[in-house]
>>> print(open('work_12.cif').read())   # mmCIF, C-alpha atoms
data_run
loop_
_atom_site.label_atom_id
_atom_site.label_comp_id
_atom_site.auth_asym_id
_atom_site.auth_seq_id
_atom_site.Cartn_x
_atom_site.Cartn_y
_atom_site.Cartn_z
CA MET A 255 -126.70 13.61 -14.74
CA ALA A 256 -128.81 10.74 -15.50
CA GLN A 257 -127.24 9.32 -18.50
CA ILE A 258 -126.70 5.97 -19.80
CA GLN A 259 -123.08 5.40 -20.26
CA ASP A 260 -121.99 3.57 -23.25
CA ASP A 261 -118.64 2.94 -24.59
CA GLY A 262 -119.05 4.75 -27.85
CA GLY A 263 -119.96 1.68 -29.73
CA ALA A 264 -116.50 0.21 -29.56
CA PRO A 265 -116.50 -3.48 -30.36
CA LYS A 266 -116.55 -5.53 -27.27
CA LYS A 267 -113.86 -7.93 -26.94
CA GLY A 268 -114.29 -11.21 -25.32
CA GLY A 269 -118.12 -10.84 -25.24
CA LYS A 270 -120.11 -13.93 -25.80
CA LYS A 271 -121.29 -14.19 -29.30
CA ARG A 272 -124.90 -15.07 -29.36
CA ALA A 273 -126.25 -17.05 -32.19
CA LYS A 274 -128.58 -14.89 -34.22
CA ARG A 275 -132.01 -16.34 -33.78
CA ALA A 276 -134.28 -15.91 -36.74
CA MET A 277 -137.65 -14.28 -36.10
CA PRO A 278 -140.40 -16.84 -36.27
CA HIS A 279 -142.12 -16.29 -39.52
CA ILE A 280 -145.87 -16.00 -39.55
CA ASP A 281 -147.73 -16.16 -42.78
CA MET A 282 -149.89 -13.07 -42.65
CA THR A 283 -151.62 -13.52 -45.98
CA PRO A 284 -154.95 -14.82 -44.63
CA MET A 285 -155.09 -12.05 -42.09
CA VAL A 286 -154.43 -9.44 -44.74
CA ASP A 287 -157.10 -11.02 -46.89
CA LEU A 288 -159.56 -10.79 -44.07
CA ALA A 289 -158.59 -7.23 -43.23
CA PHE A 290 -159.10 -6.08 -46.79
CA LEU A 291 -162.33 -7.99 -47.09
CA LEU A 292 -163.68 -6.18 -44.06
CA LEU A 293 -162.32 -2.92 -45.35
CA THR A 294 -164.09 -3.34 -48.68
CA PHE A 295 -167.30 -4.27 -46.91
CA PHE A 296 -167.30 -1.19 -44.73
CA VAL A 297 -166.30 1.12 -47.55
CA MET A 298 -169.14 -0.16 -49.69
CA THR A 299 -171.89 -0.16 -47.08
CA SER A 300 -171.21 2.98 -45.13
CA THR A 301 -172.85 6.23 -46.03
CA PHE A 302 -170.83 9.14 -44.89
CA SER A 303 -172.76 12.28 -45.17
CA LYS A 304 -176.08 12.40 -43.49
CA ALA A 305 -178.79 13.67 -45.75
CA LYS A 306 -179.41 17.39 -45.79
CA VAL A 307 -182.82 18.90 -45.45
CA MET A 308 -184.37 22.11 -46.61
CA SER A 309 -186.90 23.34 -44.13
CA LEU A 310 -190.01 25.07 -45.34
CA VAL A 311 -192.84 26.40 -43.25
CA TYR A 312 -196.14 26.32 -45.04
CA PRO A 313 -198.90 28.71 -44.10
CA ALA A 314 -201.51 27.07 -41.90
CA LYS A 315 -204.68 26.13 -43.68
CA PRO A 316 -207.20 28.86 -43.04
CA ASP A 317 -210.18 28.04 -40.92
CA PRO A 318 -213.17 27.99 -43.27
CA LYS A 319 -215.29 29.76 -40.64
CA GLU A 320 -212.86 32.63 -40.40
CA ILE A 321 -213.71 35.63 -42.51
CA ILE A 322 -210.63 37.06 -44.12
CA ASP A 323 -210.41 40.79 -44.00
CA PRO A 324 -209.72 41.81 -47.60
CA LYS A 325 -207.58 44.69 -46.42
CA LYS A 326 -205.32 42.36 -44.45
CA ALA A 327 -205.11 39.88 -47.27
CA GLU A 328 -203.79 42.53 -49.61
CA ILE A 329 -200.08 42.20 -50.10
CA ASN A 330 -198.31 45.34 -51.07
CA ASN A 331 -194.85 44.19 -51.97
CA ALA A 332 -195.07 40.79 -53.56
CA VAL A 333 -193.93 38.87 -56.54
CA THR A 334 -195.60 35.71 -57.74
CA PHE A 335 -193.60 32.99 -59.43
CA LEU A 336 -195.37 30.55 -61.68
CA LEU A 337 -193.49 27.36 -62.32
CA SER A 338 -193.88 25.12 -65.29
CA GLU A 339 -191.59 22.36 -66.52
CA ASN A 340 -188.12 23.91 -66.36
CA ARG A 341 -189.58 27.34 -67.04
CA ILE A 342 -190.34 30.10 -64.67
CA PHE A 343 -192.67 33.05 -65.07
CA TYR A 344 -193.42 35.86 -62.71
CA TYR A 345 -195.45 38.98 -62.19
CA GLU A 346 -195.22 41.67 -59.59
CA GLY A 347 -198.01 42.80 -57.31
CA ALA A 348 -201.57 41.61 -57.49
CA PHE A 349 -203.13 39.68 -60.33
CA TYR A 350 -205.51 41.51 -62.64
CA PRO A 351 -207.51 39.48 -65.14
CA GLN A 352 -208.57 40.81 -68.52
CA ASN A 353 -211.31 43.49 -68.28
CA ASN A 354 -211.23 43.64 -64.51
CA ALA A 355 -213.58 45.81 -62.53
CA LYS A 356 -210.86 48.09 -61.27
CA GLY A 357 -209.87 48.99 -64.78
CA LYS A 358 -206.25 48.05 -64.27
CA PRO A 359 -204.26 46.68 -67.21
CA ALA A 360 -204.28 42.89 -67.36
CA THR A 361 -201.35 41.11 -65.79
CA GLN A 362 -198.65 40.06 -68.19
CA LEU A 363 -196.31 37.20 -67.39
CA LEU A 364 -192.60 37.80 -67.65
CA GLU A 365 -190.12 35.00 -68.00
CA ALA A 366 -186.96 34.37 -66.02
CA ASP A 367 -184.59 31.42 -65.88
CA PHE A 368 -182.57 29.52 -63.30
CA GLY A 369 -179.24 30.72 -64.66
CA ALA A 370 -176.99 33.21 -62.95
CA GLY A 371 -177.16 35.63 -65.87
CA LYS A 372 -179.08 38.84 -66.42
CA THR A 373 -182.40 37.14 -66.98
CA GLY A 374 -181.88 34.81 -64.04
CA VAL A 375 -184.06 34.67 -60.97
CA ARG A 376 -181.09 35.58 -58.83
CA SER A 377 -180.47 38.98 -60.38
CA LEU A 378 -184.21 39.62 -60.50
CA LEU A 379 -184.60 38.91 -56.79
CA GLY A 380 -181.48 40.92 -56.10
CA LYS A 381 -183.24 43.93 -57.58
CA LEU A 382 -186.67 43.30 -56.06
CA ASN A 383 -185.40 42.47 -52.59
CA ARG A 384 -182.89 45.32 -52.53
CA PHE A 385 -184.29 46.52 -49.22
CA VAL A 386 -183.32 43.40 -47.29
CA LEU A 387 -180.15 42.64 -49.19
CA GLN A 388 -178.74 46.11 -48.62
CA LYS A 389 -179.49 45.87 -44.93
CA LYS A 390 -177.93 42.43 -44.87
CA GLN A 391 -174.77 43.80 -46.43
CA GLY A 392 -174.53 46.42 -43.71
CA TYR A 393 -175.12 43.89 -40.96
CA ASP A 394 -172.62 41.47 -42.48
CA GLU A 395 -170.02 44.22 -42.49
CA LYS A 396 -170.73 45.01 -38.84
CA LEU A 397 -170.60 41.34 -37.93
CA LYS A 398 -167.26 40.98 -39.64
CA THR A 399 -165.76 43.92 -37.78
CA LYS A 400 -167.30 42.55 -34.56
CA GLN A 401 -169.48 45.60 -33.98
CA ILE A 402 -172.49 43.35 -33.37
CA ALA A 403 -172.80 39.85 -31.99
CA ASP A 404 -174.14 37.07 -34.16
CA THR A 405 -177.31 36.81 -32.11
CA THR A 406 -177.92 40.50 -32.78
CA TRP A 407 -177.19 39.85 -36.44
CA ALA A 408 -179.78 37.07 -36.52
CA ARG A 409 -182.35 39.29 -34.82
CA LEU A 410 -181.70 42.22 -37.15
CA MET A 411 -181.96 39.92 -40.17
CA ARG A 412 -185.23 38.55 -38.91
CA GLU A 413 -186.55 42.04 -38.44
CA ALA A 414 -185.41 43.11 -41.89
CA LYS A 415 -186.97 40.04 -43.50
CA SER A 416 -190.31 40.57 -41.83
CA ASP A 417 -190.34 44.29 -42.55
CA ASN A 418 -193.22 45.64 -44.58
CA GLU A 419 -190.77 46.78 -47.24
CA ALA A 420 -189.28 43.32 -47.66
CA LEU A 421 -190.29 41.29 -50.64
CA LYS A 422 -192.89 38.57 -50.22
CA VAL A 423 -192.93 35.69 -52.62
CA LEU A 424 -195.76 33.46 -53.71
CA ILE A 425 -194.98 30.26 -55.53
CA LYS A 426 -197.51 28.63 -57.77
CA THR A 427 -196.92 25.52 -59.77
CA ASP A 428 -198.73 24.08 -62.75
CA GLU A 429 -199.10 20.34 -63.34
CA LEU A 430 -195.87 20.09 -65.32
CA ALA A 431 -193.45 21.63 -62.84
CA THR A 432 -191.11 19.13 -61.21
CA CYS A 433 -189.94 18.94 -57.62
CA LYS A 434 -186.50 19.97 -58.78
CA ASN A 435 -187.88 23.21 -60.21
CA PHE A 436 -189.64 23.93 -56.96
CA ILE A 437 -186.62 23.20 -54.77
CA ASP A 438 -184.38 25.24 -57.08
CA LEU A 439 -186.68 28.22 -56.79
CA VAL A 440 -186.91 28.00 -53.00
CA ASP A 441 -183.14 27.78 -53.01
CA GLU A 442 -182.90 31.00 -54.98
CA LEU A 443 -185.29 32.64 -52.54
CA THR A 444 -183.10 31.54 -49.64
CA ILE A 445 -180.07 32.99 -51.37
CA ALA A 446 -181.94 36.27 -51.82
CA SER A 447 -182.89 36.33 -48.10
CA ILE A 448 -186.60 36.30 -48.71
CA GLY A 449 -188.48 36.12 -45.44
CA VAL A 450 -191.97 35.24 -46.53
CA ILE A 451 -192.33 32.33 -48.92
CA ALA A 452 -195.81 31.07 -49.55
CA PRO A 453 -196.49 28.11 -51.82
CA VAL A 454 -200.08 28.57 -52.92
CA ASP A 455 -202.53 27.12 -55.41
CA LEU A 456 -202.60 28.15 -59.02
CA MET A 457 -205.64 30.03 -60.27
CA ALA A 458 -207.34 28.99 -63.48
CA SER A 459 -206.75 32.38 -65.06
CA GLU A 460 -203.04 32.09 -64.35
CA GLN A 461 -203.02 28.63 -65.84
CA GLU A 462 -204.41 30.14 -69.03
CA LEU A 463 -201.61 32.71 -69.13
CA ILE A 464 -198.95 30.03 -68.67
CA LYS A 465 -200.48 27.94 -71.43
CA ALA A 466 -200.43 30.90 -73.79
CA LYS A 467 -196.77 31.55 -72.91
CA ILE A 468 -195.61 27.97 -73.35
CA LYS A 469 -197.11 27.65 -76.80
CA MET B 292 -118.77 -13.33 -66.78
CA ALA B 293 -120.41 -12.64 -63.52
CA GLN B 294 -123.69 -14.33 -63.26
CA VAL B 295 -126.68 -12.86 -61.55
CA SER B 296 -127.68 -15.32 -58.93
CA LYS B 297 -131.36 -16.10 -58.92
CA PRO B 298 -132.93 -15.89 -55.52
CA LYS B 299 -134.25 -19.18 -54.47
CA GLY B 300 -137.73 -19.55 -53.09
CA SER B 301 -140.31 -16.81 -52.82
CA PRO B 302 -139.01 -13.58 -51.44
CA SER B 303 -140.62 -12.87 -48.13
CA ILE B 304 -142.12 -9.42 -47.76
CA ASP B 305 -142.71 -7.92 -44.41
CA MET B 306 -146.45 -7.39 -44.40
CA THR B 307 -146.73 -5.94 -40.94
CA PRO B 308 -147.11 -2.28 -42.00
CA MET B 309 -149.68 -3.22 -44.57
CA VAL B 310 -151.67 -5.19 -42.01
CA ASP B 311 -151.40 -2.28 -39.60
CA LEU B 312 -152.75 0.07 -42.20
CA ALA B 313 -155.51 -2.27 -43.28
CA PHE B 314 -156.74 -2.74 -39.73
CA LEU B 315 -156.49 0.95 -39.04
CA LEU B 316 -158.74 1.63 -42.00
CA VAL B 317 -161.11 -1.16 -41.01
CA THR B 318 -161.42 0.31 -37.54
CA PHE B 319 -161.99 3.78 -38.94
CA PHE B 320 -164.73 2.65 -41.31
CA MET B 321 -166.33 0.45 -38.69
CA LEU B 322 -166.62 3.31 -36.26
CA SER B 323 -167.63 5.96 -38.74
CA ALA B 324 -170.10 3.88 -40.70
CA ASN B 325 -173.76 4.49 -40.45
CA PHE B 326 -175.35 1.96 -42.63
CA ARG B 327 -177.40 2.68 -45.62
CA SER B 328 -180.89 1.83 -44.57
CA ASP B 329 -182.85 -0.61 -46.57
CA GLU B 330 -185.13 1.71 -48.45
CA ILE B 331 -187.88 0.40 -50.59
CA VAL B 332 -187.34 2.78 -53.52
CA GLN B 333 -184.35 4.68 -54.72
CA VAL B 334 -185.11 8.35 -55.01
CA ASP B 335 -182.94 10.93 -56.69
CA THR B 336 -183.36 14.04 -54.58
CA PRO B 337 -182.76 17.50 -56.00
CA SER B 338 -179.90 19.59 -54.67
CA SER B 339 -180.06 22.70 -52.52
CA ILE B 340 -177.64 24.89 -50.64
CA SER B 341 -179.15 23.98 -47.30
CA GLU B 342 -176.65 22.69 -44.77
CA ARG B 343 -179.11 21.50 -42.19
CA LEU B 344 -178.71 17.89 -41.25
CA ILE B 345 -181.66 15.59 -41.25
CA PRO B 346 -183.19 15.41 -37.75
CA GLU B 347 -182.83 12.22 -35.72
CA LYS B 348 -186.47 11.59 -35.14
CA THR B 349 -188.42 11.71 -38.34
CA ILE B 350 -191.60 10.66 -40.02
CA MET B 351 -190.70 10.42 -43.65
CA VAL B 352 -192.88 10.31 -46.70
CA THR B 353 -191.16 9.37 -49.93
CA VAL B 354 -192.55 10.33 -53.32
CA ASP B 355 -191.03 8.45 -56.19
CA LYS B 356 -190.72 9.45 -59.83
CA GLY B 357 -194.15 8.16 -60.71
CA GLY B 358 -195.81 9.88 -57.77
CA ARG B 359 -196.25 6.79 -55.62
CA VAL B 360 -196.13 7.46 -51.91
CA PHE B 361 -194.20 5.54 -49.24
CA PHE B 362 -194.22 5.94 -45.51
CA GLY B 363 -191.41 5.43 -43.03
CA MET B 364 -190.52 6.20 -39.44
CA SER B 365 -187.17 6.45 -37.72
CA GLU B 366 -188.51 4.71 -34.64
CA LYS B 367 -187.95 1.51 -32.73
CA GLU B 368 -189.88 -1.58 -33.66
CA ASP B 369 -192.36 -1.31 -30.81
CA VAL B 370 -193.45 2.16 -31.94
CA LYS B 371 -193.94 0.98 -35.50
CA THR B 372 -195.99 -1.99 -34.45
CA LYS B 373 -198.08 0.31 -32.27
CA VAL B 374 -198.87 2.43 -35.31
CA LEU B 375 -199.73 -0.72 -37.21
CA GLY B 376 -202.05 -1.69 -34.36
CA TYR B 377 -203.91 1.62 -34.61
CA MET B 378 -204.25 1.11 -38.35
CA MET B 379 -205.52 -2.46 -37.91
CA ASP B 380 -208.19 -1.13 -35.55
CA LYS B 381 -209.22 1.61 -37.91
CA TYR B 382 -209.20 -0.38 -41.16
CA LYS B 383 -210.37 -3.63 -39.57
CA PHE B 384 -207.78 -6.01 -40.92
CA LYS B 385 -205.76 -8.66 -39.15
CA LEU B 386 -202.14 -9.72 -39.43
CA THR B 387 -200.29 -12.66 -37.96
CA GLN B 388 -197.73 -12.15 -35.23
CA LYS B 389 -194.95 -12.83 -37.73
CA GLN B 390 -196.26 -10.24 -40.17
CA VAL B 391 -196.45 -7.64 -37.41
CA GLU B 392 -192.85 -8.41 -36.46
CA THR B 393 -191.75 -8.04 -40.07
CA PHE B 394 -193.48 -4.67 -40.24
CA GLY B 395 -191.43 -3.50 -37.27
CA THR B 396 -188.19 -4.14 -39.11
CA LEU B 397 -189.10 -2.15 -42.22
CA THR B 398 -187.51 1.23 -42.82
CA ASP B 399 -190.36 2.25 -45.05
CA PHE B 400 -193.10 0.59 -47.00
CA GLY B 401 -195.63 1.49 -49.63
CA CYS B 402 -198.88 -0.31 -50.24
CA ALA B 403 -202.52 -0.15 -49.35
CA VAL B 404 -203.67 -1.84 -46.15
CA ASN B 405 -205.42 -4.64 -48.03
CA GLU B 406 -202.13 -5.47 -49.76
CA LEU B 407 -200.20 -5.49 -46.49
CA PRO B 408 -200.46 -9.21 -45.55
CA ALA B 409 -199.16 -10.35 -48.93
CA TYR B 410 -196.54 -7.61 -48.91
CA LEU B 411 -195.22 -8.57 -45.48
CA ASP B 412 -195.03 -12.26 -46.39
CA LEU B 413 -192.54 -11.48 -49.14
CA PRO B 414 -188.82 -11.59 -48.46
CA SER B 415 -186.90 -8.32 -48.43
CA GLU B 416 -185.84 -8.49 -52.09
CA GLY B 417 -189.32 -9.62 -52.99
CA ARG B 418 -190.77 -6.45 -51.50
CA GLN B 419 -188.42 -4.28 -53.51
CA GLU B 420 -189.36 -6.17 -56.63
CA PHE B 421 -193.03 -5.88 -55.73
CA VAL B 422 -192.65 -2.12 -55.66
CA ALA B 423 -190.24 -1.83 -58.59
CA LYS B 424 -192.50 -3.85 -60.87
CA GLY B 425 -195.40 -1.57 -60.08
CA LYS B 426 -197.56 -4.21 -58.40
CA THR B 427 -198.66 -1.61 -55.90
CA LEU B 428 -199.67 1.99 -56.38
CA GLY B 429 -198.14 3.03 -53.10
CA ILE B 430 -200.14 4.22 -50.15
CA PRO B 431 -203.53 5.58 -51.24
CA THR B 432 -203.79 9.34 -50.82
CA ASP B 433 -207.18 9.71 -52.36
CA SER B 434 -209.57 11.99 -50.52
CA THR B 435 -212.09 9.14 -50.17
CA ASN B 436 -209.48 6.62 -49.02
CA ASN B 437 -206.73 8.69 -47.47
CA GLN B 438 -204.64 6.03 -45.79
CA LEU B 439 -201.49 8.16 -45.83
CA LYS B 440 -203.21 10.71 -43.65
CA ASP B 441 -203.98 8.03 -41.06
CA TRP B 442 -200.45 6.65 -41.18
CA ILE B 443 -199.06 10.12 -40.55
CA PHE B 444 -201.63 10.86 -37.88
CA TYR B 445 -201.10 7.65 -35.91
CA GLY B 446 -197.36 7.74 -36.57
CA ASN B 447 -197.23 11.19 -35.05
CA ILE B 448 -199.20 10.09 -31.99
CA ALA B 449 -197.00 7.05 -31.37
CA ALA B 450 -193.78 8.98 -32.00
CA LEU B 451 -194.87 11.76 -29.66
CA ALA B 452 -195.73 9.24 -26.94
CA SER B 453 -192.38 7.49 -27.19
CA GLY B 454 -190.62 10.85 -27.38
CA GLU B 455 -192.38 12.01 -24.22
CA GLU B 456 -191.27 8.90 -22.38
CA LYS B 457 -187.68 9.38 -23.47
CA TYR B 458 -187.83 13.05 -22.57
CA PHE B 459 -188.85 12.36 -18.99
CA ASP B 460 -186.31 9.55 -18.73
CA ALA B 461 -183.56 11.90 -19.83
CA LYS B 462 -184.82 14.57 -17.49
CA ALA B 463 -184.86 12.18 -14.57
CA LYS B 464 -181.23 11.41 -15.29
CA GLY B 465 -180.49 15.09 -14.90
CA LEU B 466 -179.57 15.74 -18.53
CA VAL B 467 -180.14 19.07 -20.19
CA VAL B 468 -182.95 18.35 -22.57
CA GLU B 469 -184.78 20.24 -25.25
CA VAL B 470 -188.42 19.26 -25.68
CA ASN B 471 -188.24 19.89 -29.38
CA ASP B 472 -185.59 17.22 -29.89
CA TYR B 473 -188.04 14.59 -28.76
CA LYS B 474 -190.79 15.53 -31.16
CA PRO B 475 -190.91 13.89 -34.56
CA LYS B 476 -189.99 16.03 -37.56
CA PHE B 477 -191.76 15.62 -40.85
CA VAL B 478 -189.63 14.90 -43.82
CA LEU B 479 -190.57 14.75 -47.45
CA LYS B 480 -188.27 12.92 -49.81
CA ALA B 481 -189.35 13.64 -53.32
CA ASP B 482 -187.68 12.62 -56.54
CA GLY B 483 -186.39 15.64 -58.44
CA LYS B 484 -187.99 14.43 -61.65
CA SER B 485 -191.35 13.84 -60.06
CA VAL B 486 -194.06 16.33 -60.85
CA TYR B 487 -194.44 18.78 -57.97
CA LEU B 488 -198.17 18.18 -57.86
CA HIS B 489 -197.50 14.72 -56.39
CA ALA B 490 -195.39 16.22 -53.63
CA LYS B 491 -197.99 18.93 -53.15
CA LYS B 492 -200.63 16.33 -52.49
CA VAL B 493 -198.54 14.98 -49.64
CA VAL B 494 -197.82 18.50 -48.41
CA ASP B 495 -201.54 19.21 -48.35
CA ILE B 496 -202.16 16.07 -46.30
CA PHE B 497 -199.59 17.27 -43.78
CA ARG B 498 -201.21 20.67 -43.73
CA ASP B 499 -204.65 19.11 -43.22
CA LEU B 500 -203.22 17.59 -40.06
CA ASN B 501 -201.92 21.03 -39.14
CA LEU B 502 -198.31 19.94 -39.56
CA ASN B 503 -196.96 22.91 -41.43
CA ASN B 504 -193.24 22.69 -40.85
CA LEU B 505 -191.86 20.34 -43.47
CA ASN B 506 -188.36 19.36 -44.43
CA PHE B 507 -187.44 18.45 -47.97
CA ILE B 508 -184.51 16.07 -48.28
CA THR B 509 -181.97 17.49 -50.66
CA SER B 510 -178.42 16.71 -51.61
CA MET B 511 -175.73 19.29 -51.06
CA GLU B 512 -174.81 21.98 -53.51
CA ALA B 513 -172.24 24.76 -53.23
CA ASP B 514 -173.60 28.05 -51.94
CA PRO B 515 -172.93 30.72 -54.56
CA ARG B 516 -172.76 33.40 -51.87
CA ASN B 517 -169.52 32.01 -50.46
#
>>> encode(input="work_12.cif", output="structure tokens")
Amino acid sequence: MAQIQDDGGAPKKGGKKRAKRAMPHIDMTPMVDLAFLLLTFFVMTSTFSKAKVMSLVYPAKPDPKEIIDPKKAEINNAVTFLLSENRIFYYEGAFYPQNNAKGKPATQLLEADFGAGKTGVRSLLGKLNRFVLQKKQGYDEKLKTKQIADTTWARLMREAKSDNEALKVLIKTDELATCKNFIDLVDELTIASIGVIAPVDLMASEQELIKAKIK
Amino acid sequence: MAQVSKPKGSPSIDMTPMVDLAFLLVTFFMLSANFRSDEIVQVDTPSSISERLIPEKTIMVTVDKGGRVFFGMSEKEDVKTKVLGYMMDKYKFKLTQKQVETFGTLTDFGCAVNELPAYLDLPSEGRQEFVAKGKTLGIPTDSTNNQLKDWIFYGNIAALASGEEKYFDAKAKGLVVEVNDYKPKFVLKADGKSVYLHAKKVVDIFRDLNLNNLNFITSMEADPRN
């Protein structure tokens, strides 16, 4: 067996005693100084996490020559959010002004908030977008138990989101709403798996309603 | 009584492990660092749950708290100077060679074209002060003098051209390439406290140019679903 034989550490007799030579001593202080200086510099200047982005696809600007078919433009399952400074209002379906020709009751604004409570946008969207969220739950379950692949999951989710039954959301902002409000709302919509998000312009009549509410 | 003998001279400490550690950390930070770019304004972005990283190739418009607009590109100097050249042709102004070179080094900038020569002559800190003290109103976005639209338009053209070149270079080398990676992405960095209408104005300019896919820069926030 390849082994190094040693004599069990027994003191050697008659061996030459070598004079213990002291290690040459190097003063490391300047090097340490430099090392820490560099360290501090890199700690201070480096940014670790790359910035994150939230992607949003805006609807293409309509061609002015194109005539919009009013039947196509009609949205059947929509909710419109109206943002003001740190406040959020909404109404479901189409907008009906006071004394409209169709004789429908005028649209009333309801208020929600950004909290996670009962009046929050999250629980509201959870109710309104039940169709997609329930489907998502089923797909998630299947994905977990490996009944479907994740590509299938993504396709099924896309289909569910673009289904006619799925909730469509319009976002309108008044001149007081901040970017934070807007991003927060889009965030909530992402959480609620909303497929169609359309940031659109505020109508004057809606502006009036918001003004009346804020007062 | 036994006396405690005082050690003579300074005790020597073995610093080797400390030095090892210090250099290890230095190496780590050196390799992992990507430097904070020299941005002209500090913007406090709102938070979102999005986990998407910012794309490599971007054309970025910054909107600060007061609604001033700044323009930046994540491109090499030659691309930036090319964009500047297009703008000089369109707005009929002239810059010295040195000013053009300075422009190439900027991460982003924000002033009207007639302010550009003076702006570029300033030192780096001077430019930040110029902006911070409100001596400029940012890039004009007015419908009668929409300079931002031209910056984005020409920036897009130049970035696409350089991206195309790089794409074919990579393809010639036999790499697996995705065309989309070589196209510029449009990024909007808006201050959370800024009124959305300011950001909307920029969004509308992008949409006028038929660039509808925008990315808002946000900081991270925990996803409540997990």
>>> resolve_selection(input="work_12.cif", expression="the PyMOL selection byres ((chain A) within 6 of (chain B))", output="PyMOL selection string")
chain A and resi 286+289+293+296+300-301+305-312+429+431-434+441
>>> atom_distance(input="work_12.cif", atom1="atom CA of B:Thr427", atom2="atom CA of A:Lys304")
29.3 Å
>>> residues_around(input="work_12.cif", residues="stretch 361-378 of chain A", least_positions_apart="3", cutoff="7 Å", atoms="all atoms listed in the file", output="MDAnalysis selection string")
chainID A and resid 341:345 349:351 381:382 442
>>> resolve_selection(input="work_12.cif", expression="the PyMOL selection byres ((chain B and resi 437) around 12)", output="list of chain:residue names")
B:Val360, B:Tyr382, B:Ala403, B:Val404, B:Gly429, B:Ile430, B:Pro431, B:Thr432, B:Asp433, B:Ser434, B:Thr435, B:Asn436, B:Gln438, B:Leu439, B:Lys440, B:Asp441, B:Trp442, B:Ile443, B:Phe444, B:Lys492, B:Val493, B:Asp495, B:Ile496, B:Phe497, B:Asp499
>>> atom_distance(input="work_12.cif", atom1="atom CA of B:Ala423", atom2="atom CA of B:Cys402")
12.1 Å
>>> atom_distance(input="work_12.cif", atom1="atom CA of B:Tyr458", atom2="atom CA of B:Asp472")
8.7 Å
>>> resolve_selection(input="work_12.cif", expression="the PyMOL selection byres ((chain B and resi 453) around 12)", output="number ranges by chain")
B: 348, 365-371, 373-374, 446-452, 454-460, 473-475
>>> axis_aligned_box(input="work_12.cif", around="stretch 388-401 of chain B", padding_each_side="8 Å", output="lines of an AutoDock Vina configuration file")
center_x = -192.6
center_y = -5.3
center_z = -42.4
size_x = 26.2
size_y = 31.1
size_z = 30.4
>>> residues_around(input="work_12.cif", residues="B:Val391", least_positions_apart="5", cutoff="9 Å", atoms="all atoms listed in the file", output="PyMOL selection string")
chain B and resi 372+375-376+386+411
>>> closest_atom_pairs(input="work_12.cif", of="stretch 296-385 of chain A", to="stretch 390-413 of chain A", cutoff="12 Å", atoms="all atoms listed in the file", output="CSV")
residue,atom,partner,partner_atom,distance
A:Gly380,CA,A:Lys390,CA,11.9
A:Asn383,CA,A:Lys390,CA,10.7
A:Arg384,CA,A:Lys390,CA,9.6
A:Phe385,CA,A:Lys390,CA,8.7
>>> closest_residue(input="work_12.cif", among="B:Pro302, B:Lys462, B:Met364, B:Val334", to="B:Phe400", atoms="all atoms listed in the file")
B:Met364
>>> residues_near_point(input="work_12.cif", point="(-198.1, 27.8, -50.1)", cutoff="7 Å", atoms="only C-alpha atoms", output="PyMOL selection string")
chain A and resi 312-313+425+452-455
>>> closest_residue(input="work_12.cif", among="A:Glu419, A:Met282, A:Leu288, A:Leu337", to="A:Val440", atoms="all atoms listed in the file")
A:Leu337
>>> decode(input="work_12.cif", residues="stretch 366-375 of chain A", atoms="N, CA and C atoms", output="PDB file, in the first residue's frame")
ATOM      1  N   ALA A 366     -63.831  53.009  -5.324  1.00  0.00           N
ATOM      2  CA  ALA A 366     -63.059  51.895  -4.765  1.00  0.00           C
ATOM      3  C   ALA A 366     -61.764  52.474  -4.222  1.00  0.00           C
ATOM      4  N   ASP A 367     -60.939  51.640  -3.614  1.00  0.00           N
ATOM      5  CA  ASP A 367     -59.636  52.127  -3.152  1.00  0.00           C
ATOM      6  C   ASP A 367     -58.561  51.103  -3.478  1.00  0.00           C
ATOM      7  N   PHE A 368     -57.310  51.498  -3.222  1.00  0.00           N
ATOM      8  CA  PHE A 368     -56.184  50.626  -3.581  1.00  0.00           C
ATOM      9  C   PHE A 368     -55.879  49.581  -2.519  1.00  0.00           C
ATOM     10  N   GLY A 369     -56.633  49.611  -1.424  1.00  0.00           N
ATOM     11  CA  GLY A 369     -56.360  48.668  -0.342  1.00  0.00           C
ATOM     12  C   GLY A 369     -56.744  47.248  -0.729  1.00  0.00           C
ATOM     13  N   ALA A 370     -56.415  46.321   0.172  1.00  0.00           N
ATOM     14  CA  ALA A 370     -56.732  44.925  -0.103  1.00  0.00           C
ATOM     15  C   ALA A 370     -58.047  44.526   0.565  1.00  0.00           C
ATOM     16  N   GLY A 371     -58.768  45.497   1.090  1.00  0.00           N
ATOM     17  CA  GLY A 371     -59.992  45.200   1.836  1.00  0.00           C
ATOM     18  C   GLY A 371     -61.181  44.946   0.942  1.00  0.00           C
ATOM     19  N   LYS A 372     -62.368  45.066   1.548  1.00  0.00           N
ATOM     20  CA  LYS A 372     -63.608  44.766   0.825  1.00  0.00           C
ATOM     21  C   LYS A 372     -63.899  45.772  -0.273  1.00  0.00           C
ATOM     22  N   THR A 373     -63.541  47.024  -0.017  1.00  0.00           N
ATOM     23  CA  THR A 373     -63.828  48.064  -1.007  1.00  0.00           C
ATOM     24  C   THR A 373     -62.690  48.215  -2.003  1.00  0.00           C
ATOM     25  N   GLY A 374     -61.677  47.387  -1.866  1.00  0.00           N
ATOM     26  CA  GLY A 374     -60.495  47.516  -2.722  1.00  0.00           C
ATOM     27  C   GLY A 374     -60.751  47.091  -4.152  1.00  0.00           C
ATOM     28  N   VAL A 375     -59.895  47.572  -5.029  1.00  0.00           N
ATOM     29  CA  VAL A 375     -59.992  47.221  -6.442  1.00  0.00           C
ATOM     30  C   VAL A 375     -59.799  45.719  -6.635  1.00  0.00           C
TER      31      VAL A 375
END
